[in-house]
$ cat start-v9.tsv   # TSV, C-alpha atoms
chain	number	residue	atom	x	y	z
A	1	MET	CA	-27.05	11.34	42.79
A	2	LYS	CA	-23.47	11.89	43.79
A	3	ASN	CA	-22.73	8.40	42.63
A	4	LEU	CA	-24.22	9.12	39.29
A	5	LEU	CA	-22.04	12.17	38.92
A	6	VAL	CA	-18.91	10.19	39.67
A	7	LEU	CA	-20.08	7.63	37.22
A	8	ALA	CA	-20.75	10.12	34.49
A	9	THR	CA	-17.30	11.61	35.02
A	10	LEU	CA	-15.78	8.19	34.82
A	11	VAL	CA	-17.61	7.40	31.62
A	12	LEU	CA	-16.64	10.71	30.09
A	13	PHE	CA	-13.06	10.03	31.03
A	14	LEU	CA	-13.25	6.59	29.46
A	15	LEU	CA	-14.72	7.98	26.29
A	16	PHE	CA	-12.11	10.65	26.19
A	17	ALA	CA	-9.29	8.22	26.77
A	18	CYS	CA	-10.69	5.97	24.10
A	19	GLY	CA	-11.34	8.52	21.44
A	20	ASN	CA	-8.10	10.31	21.96
A	21	VAL	CA	-5.51	7.70	21.23
A	22	ARG	CA	-4.66	9.79	18.22
A	23	GLU	CA	-4.52	13.03	20.18
A	24	GLU	CA	-1.79	11.63	22.35
A	25	LYS	CA	0.13	10.57	19.34
A	26	LYS	CA	-0.23	14.03	17.94
A	27	GLU	CA	1.31	15.62	20.98
A	28	GLY	CA	4.09	13.12	20.97
A	29	SER	CA	4.83	13.92	17.39
A	30	LEU	CA	4.84	17.65	18.01
A	31	SER	CA	7.71	17.26	20.39
A	32	GLY	CA	9.41	15.26	17.69
A	33	GLN	CA	9.25	18.08	15.23
A	34	PRO	CA	12.91	19.10	15.28
A	35	GLN	CA	13.72	15.54	14.26
A	36	TYR	CA	12.33	15.87	10.84
A	37	ALA	CA	14.12	19.11	10.26
A	38	GLU	CA	17.31	17.17	10.81
A	39	ALA	CA	16.22	14.36	8.56
A	40	GLN	CA	15.53	16.96	5.94
A	41	LEU	CA	19.03	18.30	6.12
A	42	ASP	CA	21.10	15.17	6.00
A	43	LYS	CA	19.05	13.13	3.55
A	44	GLY	CA	17.68	15.84	1.32
A	45	SER	CA	20.78	17.90	0.81
A	46	GLN	CA	21.04	16.87	-2.83
A	47	VAL	CA	17.40	17.16	-3.80
A	48	LYS	CA	15.20	20.21	-3.94
A	49	PHE	CA	12.51	18.62	-1.81
A	50	PRO	CA	12.54	17.66	1.84
A	51	VAL	CA	13.14	13.94	2.32
A	52	TYR	CA	11.49	12.17	5.23
A	53	ASP	CA	11.52	8.73	6.70
A	54	PHE	CA	8.15	7.78	8.13
A	55	GLU	CA	8.98	8.68	11.70
A	56	SER	CA	9.85	12.23	10.73
A	57	PHE	CA	6.97	12.41	8.25
A	58	GLU	CA	4.22	11.24	10.59
A	59	PRO	CA	3.69	14.60	12.36
A	60	LEU	CA	2.58	16.05	9.03
A	61	LEU	CA	-0.40	13.69	9.21
A	62	HIS	CA	-1.48	14.92	12.63
A	63	LYS	CA	-1.43	18.69	12.68
A	64	THR	CA	-4.09	20.43	14.74
A	65	ASP	CA	-3.71	23.99	13.56
A	66	GLY	CA	-7.19	24.47	12.11
A	67	LYS	CA	-6.20	23.89	8.51
A	68	THR	CA	-7.56	21.11	6.34
A	69	TYR	CA	-4.70	19.11	4.85
A	70	VAL	CA	-4.93	17.21	1.59
A	71	ILE	CA	-2.08	14.70	1.61
A	72	ASN	CA	-1.70	13.09	-1.79
A	73	PHE	CA	0.61	10.08	-2.24
A	74	TRP	CA	1.97	9.85	-5.76
A	75	ALA	CA	4.99	9.08	-7.91
A	76	THR	CA	6.16	10.12	-11.35
A	77	TRP	CA	5.92	6.50	-12.52
A	78	CYS	CA	2.26	6.29	-11.50
A	79	LYS	CA	0.15	7.28	-14.47
A	80	PRO	CA	-3.20	7.82	-12.72
A	81	CYS	CA	-1.35	9.90	-10.12
A	82	ILE	CA	0.02	12.19	-12.80
A	83	GLU	CA	-3.43	12.49	-14.33
A	84	GLU	CA	-5.04	13.71	-11.12
A	85	LEU	CA	-2.25	16.08	-10.06
A	86	PRO	CA	-3.72	19.07	-11.90
A	87	HIS	CA	-6.90	18.76	-9.81
A	88	PHE	CA	-4.91	18.95	-6.60
A	89	GLU	CA	-2.96	21.88	-7.96
A	90	LYS	CA	-6.14	23.69	-8.82
A	91	VAL	CA	-7.71	23.02	-5.44
A	92	ASN	CA	-4.56	24.17	-3.69
A	93	ALA	CA	-4.59	27.45	-5.59
A	94	GLU	CA	-8.32	28.04	-5.19
A	95	GLN	CA	-8.73	27.02	-1.57
A	96	LYS	CA	-5.69	28.56	0.03
A	97	GLY	CA	-7.92	31.28	1.45
A	98	ASN	CA	-10.18	28.61	2.96
A	99	ASN	CA	-7.42	27.19	5.11
A	100	VAL	CA	-6.84	24.24	2.81
A	101	GLU	CA	-3.32	23.06	2.09
A	102	VAL	CA	-2.26	20.42	-0.39
A	103	LEU	CA	0.85	18.36	0.26
A	104	LEU	CA	2.18	16.16	-2.55
A	105	VAL	CA	4.08	13.22	-1.09
A	106	SER	CA	6.31	11.65	-3.70
A	107	LEU	CA	7.06	7.95	-3.35
A	108	ASP	CA	9.58	8.04	-6.17
A	109	MET	CA	12.67	5.95	-5.59
A	110	PRO	CA	15.95	7.66	-4.71
A	111	ASN	CA	17.42	7.11	-8.17
A	112	MET	CA	14.48	9.02	-9.65
A	113	TRP	CA	14.64	12.12	-7.48
A	114	LYS	CA	17.12	13.99	-9.65
A	115	SER	CA	16.38	12.31	-12.96
A	116	ARG	CA	12.58	12.33	-12.94
A	117	LEU	CA	10.97	14.03	-9.96
A	118	GLU	CA	12.79	17.36	-10.09
A	119	PRO	CA	12.39	17.82	-13.86
A	120	PHE	CA	8.73	16.79	-13.64
A	121	VAL	CA	7.85	19.27	-10.89
A	122	GLU	CA	9.72	22.00	-12.72
A	123	LYS	CA	8.20	21.26	-16.11
A	124	LYS	CA	4.67	21.16	-14.74
A	125	GLY	CA	5.27	24.25	-12.65
A	126	ILE	CA	3.82	22.56	-9.57
A	127	GLN	CA	2.99	25.07	-6.86
A	128	SER	CA	1.76	22.76	-4.09
A	129	LYS	CA	4.34	21.73	-1.55
A	130	VAL	CA	6.23	18.60	-2.62
A	131	VAL	CA	8.00	16.32	-0.15
A	132	ILE	CA	9.62	12.91	-0.56
A	133	LEU	CA	8.76	9.99	1.67
A	134	ASP	CA	11.68	7.61	1.53
A	135	ASP	CA	11.15	4.69	3.85
A	136	PRO	CA	11.47	1.17	2.52
A	137	LYS	CA	9.78	-0.32	5.59
A	138	GLN	CA	6.45	0.03	3.86
A	139	HIS	CA	4.79	-2.86	5.64
A	140	GLU	CA	5.30	-0.97	8.89
A	141	TRP	CA	4.30	2.53	7.89
A	142	ILE	CA	1.45	1.99	5.40
A	143	PRO	CA	-1.03	1.01	8.14
A	144	LYS	CA	0.07	4.03	10.17
A	145	VAL	CA	-1.19	6.29	7.40
A	146	ASP	CA	-4.45	4.35	7.34
A	147	MET	CA	-5.37	0.87	8.54
A	148	ASP	CA	-7.27	0.20	5.33
A	149	TRP	CA	-4.56	1.24	2.89
A	150	GLY	CA	-3.31	-1.72	0.89
A	151	GLY	CA	-0.46	0.30	-0.61
A	152	GLY	CA	-1.90	1.32	-3.95
A	153	ILE	CA	-1.39	4.81	-5.30
A	154	PRO	CA	-2.82	7.29	-6.01
A	155	ALA	CA	-4.01	7.55	-2.43
A	156	THR	CA	-5.11	10.64	-0.53
A	157	LEU	CA	-5.57	11.47	3.12
A	158	ILE	CA	-7.72	14.48	3.94
A	159	TYR	CA	-7.85	15.64	7.52
A	160	ASN	CA	-8.30	18.51	9.89
A	161	LYS	CA	-8.53	18.55	13.65
A	162	ASP	CA	-12.11	17.24	13.60
A	163	LYS	CA	-12.31	14.85	10.68
A	164	ARG	CA	-10.13	12.41	8.83
A	165	SER	CA	-10.72	10.30	5.72
A	166	PHE	CA	-8.50	8.18	3.55
A	167	TYR	CA	-9.08	7.32	-0.10
A	168	GLU	CA	-7.15	4.61	-1.96
A	169	ARG	CA	-8.24	5.86	-5.35
A	170	GLY	CA	-7.98	8.75	-7.75
A	171	PHE	CA	-10.01	11.96	-7.70
A	172	THR	CA	-11.63	14.14	-10.31
A	173	TYR	CA	-11.68	17.87	-9.67
A	174	GLU	CA	-15.39	17.69	-8.83
A	175	GLU	CA	-14.99	14.75	-6.46
A	176	LEU	CA	-12.19	16.51	-4.67
A	177	ASN	CA	-14.30	19.62	-4.14
A	178	VAL	CA	-17.32	17.64	-2.96
A	179	THR	CA	-15.12	15.73	-0.53
A	180	LEU	CA	-13.45	18.89	0.74
A	181	ASN	CA	-16.83	20.50	1.34
A	182	GLU	CA	-17.57	17.77	3.86
A	183	PHE	CA	-14.56	18.96	5.84
A	184	LYS	CA	-15.78	22.52	6.03
A	185	LYS	CA	-18.92	21.65	7.96
B	1	MET	CA	-26.28	0.27	39.49
B	2	ARG	CA	-28.36	0.08	36.38
B	3	ALA	CA	-26.95	3.42	35.40
B	4	LEU	CA	-23.44	2.06	35.83
B	5	LYS	CA	-24.21	-0.82	33.53
B	6	PHE	CA	-25.76	1.46	30.99
B	7	PHE	CA	-22.89	3.93	30.91
B	8	GLY	CA	-20.31	1.18	31.01
B	9	LEU	CA	-21.95	-0.52	28.08
B	10	LEU	CA	-22.25	2.75	26.22
B	11	ALA	CA	-18.58	3.48	26.70
B	12	LEU	CA	-17.66	-0.01	25.63
B	13	VAL	CA	-19.80	0.12	22.51
B	14	LEU	CA	-18.44	3.51	21.53
B	15	CYS	CA	-14.90	2.38	22.13
B	16	LEU	CA	-15.35	-0.80	20.14
B	17	GLY	CA	-16.98	1.17	17.39
B	18	ALA	CA	-14.01	3.48	17.19
B	19	PHE	CA	-11.68	0.56	16.73
B	20	SER	CA	-13.73	-1.79	14.61
B	21	SER	CA	-14.22	0.89	11.99
B	22	LYS	CA	-10.49	0.74	11.47
B	23	MET	CA	-10.35	-3.00	11.06
B	24	ALA	CA	-12.09	-3.32	7.73
B	25	PRO	CA	-10.54	-5.79	5.29
B	26	VAL	CA	-7.67	-4.41	3.31
B	27	ASP	CA	-8.44	-5.91	-0.08
B	28	ASP	CA	-11.21	-7.48	-2.06
B	29	GLY	CA	-10.50	-10.82	-3.67
B	30	TYR	CA	-9.05	-13.75	-1.79
B	31	GLY	CA	-8.33	-13.87	1.89
B	32	ILE	CA	-6.13	-16.34	3.73
B	33	GLY	CA	-7.69	-19.81	3.62
B	34	ASP	CA	-9.69	-19.24	0.43
B	35	VAL	CA	-9.35	-21.67	-2.44
B	36	ALA	CA	-7.75	-19.91	-5.41
B	37	THR	CA	-9.01	-20.45	-8.91
B	38	ASP	CA	-6.92	-22.25	-11.48
B	39	PHE	CA	-6.47	-20.65	-14.89
B	40	SER	CA	-5.27	-21.35	-18.37
B	41	LEU	CA	-3.10	-18.48	-19.53
B	42	LYS	CA	-0.70	-18.06	-22.41
B	43	ASN	CA	2.96	-18.34	-21.51
B	44	ILE	CA	5.74	-16.44	-23.30
B	45	ASP	CA	6.69	-19.65	-25.12
B	46	GLY	CA	3.21	-19.86	-26.64
B	47	SER	CA	2.00	-22.74	-24.47
B	48	MET	CA	-1.02	-22.53	-22.19
B	49	VAL	CA	-0.21	-22.92	-18.50
B	50	SER	CA	-2.48	-24.03	-15.66
B	51	LEU	CA	-1.70	-24.79	-12.03
B	52	SER	CA	-3.08	-28.27	-12.60
B	53	ASP	CA	-0.20	-28.94	-15.04
B	54	PHE	CA	2.19	-29.09	-12.11
B	55	THR	CA	1.26	-32.50	-10.82
B	56	ASP	CA	4.20	-32.77	-8.43
B	57	ALA	CA	3.90	-29.28	-6.97
B	58	LYS	CA	3.20	-28.77	-3.28
B	59	GLY	CA	2.18	-25.22	-3.84
B	60	PHE	CA	2.73	-22.12	-5.94
B	61	LEU	CA	4.09	-18.63	-5.71
B	62	VAL	CA	1.66	-16.81	-7.97
B	63	ILE	CA	3.22	-13.39	-8.51
B	64	PHE	CA	1.40	-10.60	-10.30
B	65	THR	CA	4.02	-8.48	-11.97
B	66	CYS	CA	4.65	-6.53	-15.18
B	67	ASN	CA	7.33	-5.25	-17.52
B	68	THR	CA	7.29	-1.62	-16.52
B	69	CYS	CA	6.69	-1.05	-12.83
B	70	PRO	CA	9.81	0.18	-11.01
B	71	TYR	CA	8.86	-1.86	-7.95
B	72	ALA	CA	8.29	-5.01	-9.98
B	73	MET	CA	11.62	-4.50	-11.70
B	74	ALA	CA	13.38	-3.92	-8.39
B	75	TYR	CA	12.20	-7.38	-7.38
B	76	GLU	CA	12.89	-9.31	-10.59
B	77	ASP	CA	16.19	-10.76	-9.40
B	78	ARG	CA	14.63	-11.74	-6.10
B	79	VAL	CA	11.75	-13.46	-7.91
B	80	ILE	CA	14.24	-15.45	-9.96
B	81	ALA	CA	16.02	-16.38	-6.71
B	82	LEU	CA	12.73	-17.50	-5.17
B	83	ASP	CA	12.08	-19.78	-8.13
B	84	ALA	CA	15.61	-21.19	-7.93
B	85	LYS	CA	15.18	-21.92	-4.24
B	86	TYR	CA	11.64	-23.22	-4.12
B	87	LYS	CA	10.96	-24.89	-7.46
B	88	PRO	CA	13.15	-27.84	-6.42
B	89	LEU	CA	11.16	-27.95	-3.17
B	90	GLY	CA	7.88	-28.16	-5.05
B	91	VAL	CA	6.78	-24.52	-4.93
B	92	PRO	CA	7.46	-22.92	-8.33
B	93	VAL	CA	6.97	-19.28	-9.24
B	94	ILE	CA	4.15	-18.53	-11.66
B	95	ALA	CA	4.40	-14.90	-12.84
B	96	ILE	CA	1.38	-13.20	-14.35
B	97	ASN	CA	1.20	-9.88	-16.18
B	98	SER	CA	-2.32	-8.55	-15.70
B	99	ASN	CA	-1.85	-5.09	-17.12
B	100	ASP	CA	-3.88	-4.24	-20.19
B	101	PRO	CA	-1.41	-3.99	-23.09
B	102	ALA	CA	-3.85	-1.66	-24.83
B	103	LEU	CA	-3.14	0.97	-22.15
B	104	ASN	CA	0.60	0.57	-22.27
B	105	ALA	CA	2.32	-1.12	-25.19
B	106	ALA	CA	5.32	-1.83	-22.98
B	107	ASN	CA	3.19	-4.47	-21.24
B	108	SER	CA	2.37	-6.33	-24.45
B	109	TYR	CA	2.87	-10.06	-24.91
B	110	GLU	CA	5.80	-9.39	-27.23
B	111	LYS	CA	7.46	-7.12	-24.67
B	112	MET	CA	6.91	-9.77	-22.00
B	113	LYS	CA	9.01	-12.15	-24.10
B	114	VAL	CA	11.71	-9.50	-24.41
B	115	ARG	CA	11.78	-8.78	-20.67
B	116	ALA	CA	11.83	-12.47	-19.76
B	117	ALA	CA	14.74	-13.09	-22.13
B	118	GLU	CA	16.68	-10.08	-20.84
B	119	LYS	CA	16.35	-11.17	-17.25
B	120	GLY	CA	16.52	-14.91	-17.88
B	121	PHE	CA	13.20	-15.79	-16.26
B	122	THR	CA	13.22	-19.44	-15.16
B	123	PHE	CA	9.46	-19.56	-14.59
B	124	PRO	CA	6.29	-19.20	-16.65
B	125	TYR	CA	5.43	-15.58	-17.42
B	126	LEU	CA	1.76	-15.52	-18.32
B	127	LEU	CA	-0.45	-12.91	-19.90
B	128	ASP	CA	-3.78	-12.40	-18.12
B	129	GLU	CA	-5.59	-11.91	-21.38
B	130	GLY	CA	-8.81	-10.00	-20.87
B	131	GLN	CA	-7.73	-9.28	-17.26
B	132	LYS	CA	-9.96	-12.03	-15.88
B	133	ILE	CA	-7.70	-13.56	-13.25
B	134	TYR	CA	-6.26	-10.72	-11.21
B	135	PRO	CA	-9.64	-9.39	-9.95
B	136	GLN	CA	-10.53	-12.87	-8.68
B	137	TYR	CA	-7.30	-13.04	-6.72
B	138	GLY	CA	-7.69	-9.47	-5.60
B	139	ALA	CA	-4.25	-8.52	-6.87
B	140	LYS	CA	-3.99	-4.76	-6.62
B	141	ARG	CA	-0.46	-3.86	-7.57
B	142	THR	CA	2.78	-5.22	-8.87
B	143	PRO	CA	4.52	-7.09	-7.49
B	144	HIS	CA	1.79	-8.84	-5.48
B	145	VAL	CA	2.47	-12.35	-4.22
B	146	PHE	CA	-0.07	-15.09	-3.49
B	147	LEU	CA	1.34	-18.22	-1.90
B	148	LEU	CA	-0.90	-21.22	-2.54
B	149	GLU	CA	-0.76	-24.63	-0.93
B	150	LYS	CA	-2.01	-27.57	-2.91
B	151	THR	CA	-4.51	-29.54	-0.86
B	152	ALA	CA	-7.26	-32.07	-1.52
B	153	GLN	CA	-9.70	-29.15	-1.51
B	154	GLY	CA	-7.74	-27.15	-4.06
B	155	ASN	CA	-5.05	-24.50	-3.98
B	156	VAL	CA	-5.47	-22.73	-0.66
B	157	VAL	CA	-4.22	-19.17	-0.18
B	158	LYS	CA	-1.61	-19.10	2.58
B	159	TYR	CA	0.07	-15.71	2.21
B	160	ILE	CA	-0.70	-12.47	0.39
B	161	GLY	CA	1.57	-9.49	0.04
B	162	ALA	CA	5.10	-8.32	-0.51
B	163	ILE	CA	8.22	-10.39	-1.12
B	164	ASP	CA	10.20	-8.83	1.72
B	165	ASP	CA	10.45	-5.67	3.77
B	166	ASN	CA	12.87	-3.64	1.65
B	167	TYR	CA	12.24	-3.04	-2.03
B	168	GLN	CA	15.23	-0.73	-2.39
B	169	ASP	CA	18.03	-2.88	-1.19
B	170	ALA	CA	17.97	-6.66	-0.99
B	171	SER	CA	20.98	-6.57	1.35
B	172	GLN	CA	19.05	-4.47	3.88
B	173	VAL	CA	16.12	-6.88	4.09
B	174	LYS	CA	15.31	-7.85	7.66
B	175	GLU	CA	12.20	-9.92	7.07
B	176	LYS	CA	11.81	-12.19	4.08
B	177	PHE	CA	8.03	-12.46	4.19
B	178	VAL	CA	7.61	-14.88	1.29
B	179	GLU	CA	10.51	-17.16	2.21
B	180	ASN	CA	9.34	-17.33	5.81
B	181	ALA	CA	5.84	-18.18	4.63
B	182	VAL	CA	6.95	-20.91	2.21
B	183	ASP	CA	9.34	-22.40	4.76
B	184	ALA	CA	6.59	-22.56	7.37
B	185	MET	CA	4.12	-24.01	4.87
B	186	LEU	CA	6.55	-26.73	3.78
B	187	ALA	CA	7.34	-27.53	7.41
B	188	GLY	CA	3.64	-27.84	8.16
B	189	GLN	CA	3.83	-24.93	10.60
B	190	GLU	CA	1.63	-21.91	11.08
B	191	ILE	CA	2.74	-18.97	8.95
B	192	ALA	CA	3.55	-16.10	11.32
B	193	VAL	CA	2.99	-13.17	8.96
B	194	LYS	CA	0.18	-14.00	6.54
B	195	THR	CA	-0.45	-10.64	4.90
B	196	THR	CA	1.78	-7.66	4.26
B	197	ARG	CA	1.41	-4.36	2.46
B	198	ALA	CA	3.63	-2.56	0.06
B	199	ILE	CA	3.52	0.37	-2.28
B	200	GLY	CA	3.28	-0.86	-5.82
B	201	CYS	CA	2.07	0.05	-9.27
B	202	GLY	CA	-1.66	-0.36	-9.58
B	203	ILE	CA	-2.71	-3.03	-12.09
B	204	LYS	CA	-4.37	-1.20	-14.93
$ encode --input "start-v9.tsv" --output "C-alpha cells"
Amino acid sequence: MKNLLVLATLVLFLLFACGNVREEKKEGSLSGQPQYAEAQLDKGSQVKFPVYDFESFEPLLHKTDGKTYVINFWATWCKPCIEELPHFEKVNAEQKGNNVEVLLVSLDMPNMWKSRLEPFVEKKGIQSKVVILDDPKQHEWIPKVDMDWGGGIPATLIYNKDKRSFYERGFTYEELNVTLNEFKK
Amino acid sequence: MRALKFFGLLALVLCLGAFSSKMAPVDDGYGIGDVATDFSLKNIDGSMVSLSDFTDAKGFLVIFTCNTCPYAMAYEDRVIALDAKYKPLGVPVIAINSNDPALNAANSYEKMKVRAAEKGFTFPYLLDEGQKIYPQYGAKRTPHVFLLEKTAQGNVVKYIGAIDDNYQDASQVKEKFVENAVDAMLAGQEIAVKTTRAIGCGIK
C-alpha cells in the first residue's frame, strides 16, 4: 500500500512536470517583466504605442491574473483584420466587467507606425490597448505564439490561466462571443 | 507492479497527448516530398507558361506574390536577385499572383504588368486566373516560396516558406532559407531547414 502511495505521488509529479512546461515559462517571464518596460522606452519613444520585440512581448501571452485575454494580431495593411476590428472593440467594451481584456497587436512595419498606424487608431477611435510587435525573426517567434500558426493574419490567441486557444482566421462578433463563452466555464 | 505499469503508461499517454496536440501540420496543401502540379497560366507578356516549358530546368522557385502586399514588396529585390543567381544554375523563379483582382483592382493583370516593368522583373509573373493553383500548393500568404526539384516522378516539393529570416532589412539577414535550400538541393544534399514561417498578407 505504501508502495502504491509513493507510486501515485510519483505519477502525479510526472503529470505535473509534464503539463506545466508552460507554467515554468510563465514564471520565468514574470521575472523578465522590467525588460519589456525598457524595450518600450528605447524603441517606442517616437510612437504612441509600446513597441516590443518578441522576448519582451512574450510575457503578455502568459499572464495568470484571472483575466481572459484576447490577443489579436493585425496590421493596417491587412484588410480582413481591419474588417474584424470593430468586433474586438465591441467585445472589449462590453466584457470589461467580465474580466476580459482585448489587446491589439499591430504587425505594421516601422515605416508605417507614424504614417498609417497612428492615424488609423486615432481616426477609428480605438479604445482597446494597442501595442506594436516589431521582431523580424518571425520564423523563430511565430511558433512560440502557437505551434500551428503558419503566419497568416488576422490571427487571435484567447487565453486565461486555465484555457488557451489559437485561431488563424477572422471572427464575426457572434463567433467571438461564442468562443469567449467557452472561456468563462 | 501492475499498478506501476498502469500509472506509468497513463502518465506517458497523457504526456504524449499534451505534446502531440501541438504538432499538427501547419498548412494544408503540399508537404515536403509531394509532387507539385504543373499549370498553364498567363504571363504578363500574354504567353501561357507551364513548368514543363523549362526543359533544361533542374527545379523551380515558385513564389506566390502580389502587387500590393508590403511584405511581398519588401522582398521584390531579393526575388530578382534569386532569379539572377539561380536561373543560370537551372532553378528559375516563377512568380504567381493568386489574389482575386475583383477584390482589389491593384492586383489586376494590367497592374501586374505595371509592377513588373517598374521593378524590372526578370522572371515570369503569372496570373492565377480563377485562383485554382494556390489552394493546391497550399500557399497561404505572400510572399510564399515553394522550391521544386525536377525528378523522373515530377516536380517534388523540397522547401516551403519564407525567403530569409529578416523581411525588414536584407543586410541583417542571418539565415537565407531559400538560398540554403537551393544550394543543398543542387549539391544533392539534405536540406537542413525545409519549412519556415513568416507573417504575410493572406491570399484573397
$ atom_distance --input "start-v9.tsv" --atom1 "CA of Gln95 in chain A" --atom2 "CA of Gly170 in chain A"
19.3 Å
$ closest_residue --input "start-v9.tsv" --among "B:Thr55, B:Asn180, B:Asn107, B:Gln189" --to "Lys150 in chain B" --atoms "all atoms listed in the file"
B:Thr55
$ closest_residue --input "start-v9.tsv" --among "B:Lys140, B:Lys176, B:Lys42, B:Lys87" --to "chain A" --atoms "all atoms listed in the file"
B:Lys140
$ interface_residues --input "start-v9.tsv" --of "chain A" --to "chain B" --cutoff "6 Å" --atoms "only C-alpha atoms" --output "list in words"
Leu15, Cys18, Pro136, Lys137, Gln138, His139, Met147, Asp148, Gly150, Gly151 and Gly152 of chain A
$ atom_distance --input "start-v9.tsv" --atom1 "CA of Ile63 in chain B" --atom2 "CA of Ile163 in chain B"
9.4 Å
$ atom_distance --input "start-v9.tsv" --atom1 "CA of Met185 in chain B" --atom2 "CA of Ile44 in chain B"
29.2 Å
$ residues_around --input "start-v9.tsv" --residues "Glu175 in chain A" --least-positions-apart "6" --cutoff "12 Å" --atoms "all atoms listed in the file" --output "number ranges by chain"
A: 84, 87-88, 91, 167, 169, 181-182
$ closest_residue --input "start-v9.tsv" --among "B:Val91, B:Ala184, B:Ala105, B:Ala117" --to "Phe54 in chain B" --atoms "only C-alpha atoms"
B:Val91
$ closest_residue --input "start-v9.tsv" --among "B:Pro143, B:Asp38, B:Glu76, B:Ala95" --to "Leu126 in chain B" --atoms "only C-alpha atoms"
B:Ala95
$ axis_aligned_box --input "start-v9.tsv" --around "range 123-142 of chain A" --padding-each-side "5 Å" --output "JSON"
{"center_x": 6.6, "center_y": 11.1, "center_z": -3.6, "size_x": 20.2, "size_y": 37.9, "size_z": 35.0}
$ closest_residue --input "start-v9.tsv" --among "B:Tyr159, B:Tyr137, B:Phe177, B:Phe146" --to "Tyr30 in chain B" --atoms "all atoms listed in the file"
B:Tyr137
$ closest_residue --input "start-v9.tsv" --among "A:His62, A:Lys129, A:Lys79, A:Lys67" --to "Val145 in chain A" --atoms "all atoms listed in the file"
A:His62
$ residues_around --input "start-v9.tsv" --residues "range 96-108 of chain A" --least-positions-apart "3" --cutoff "8 Å" --atoms "all atoms listed in the file" --output "ChimeraX atom specification"
/A:66-77,88-89,91-93,112-113,117,128-134
$ residues_near_point --input "start-v9.tsv" --point "(2.5, -10.1, -25.5)" --cutoff "10 Å" --atoms "only C-alpha atoms" --output "PyMOL selection string"
chain B and resi 42-44+46+97+101+105-114+126-129
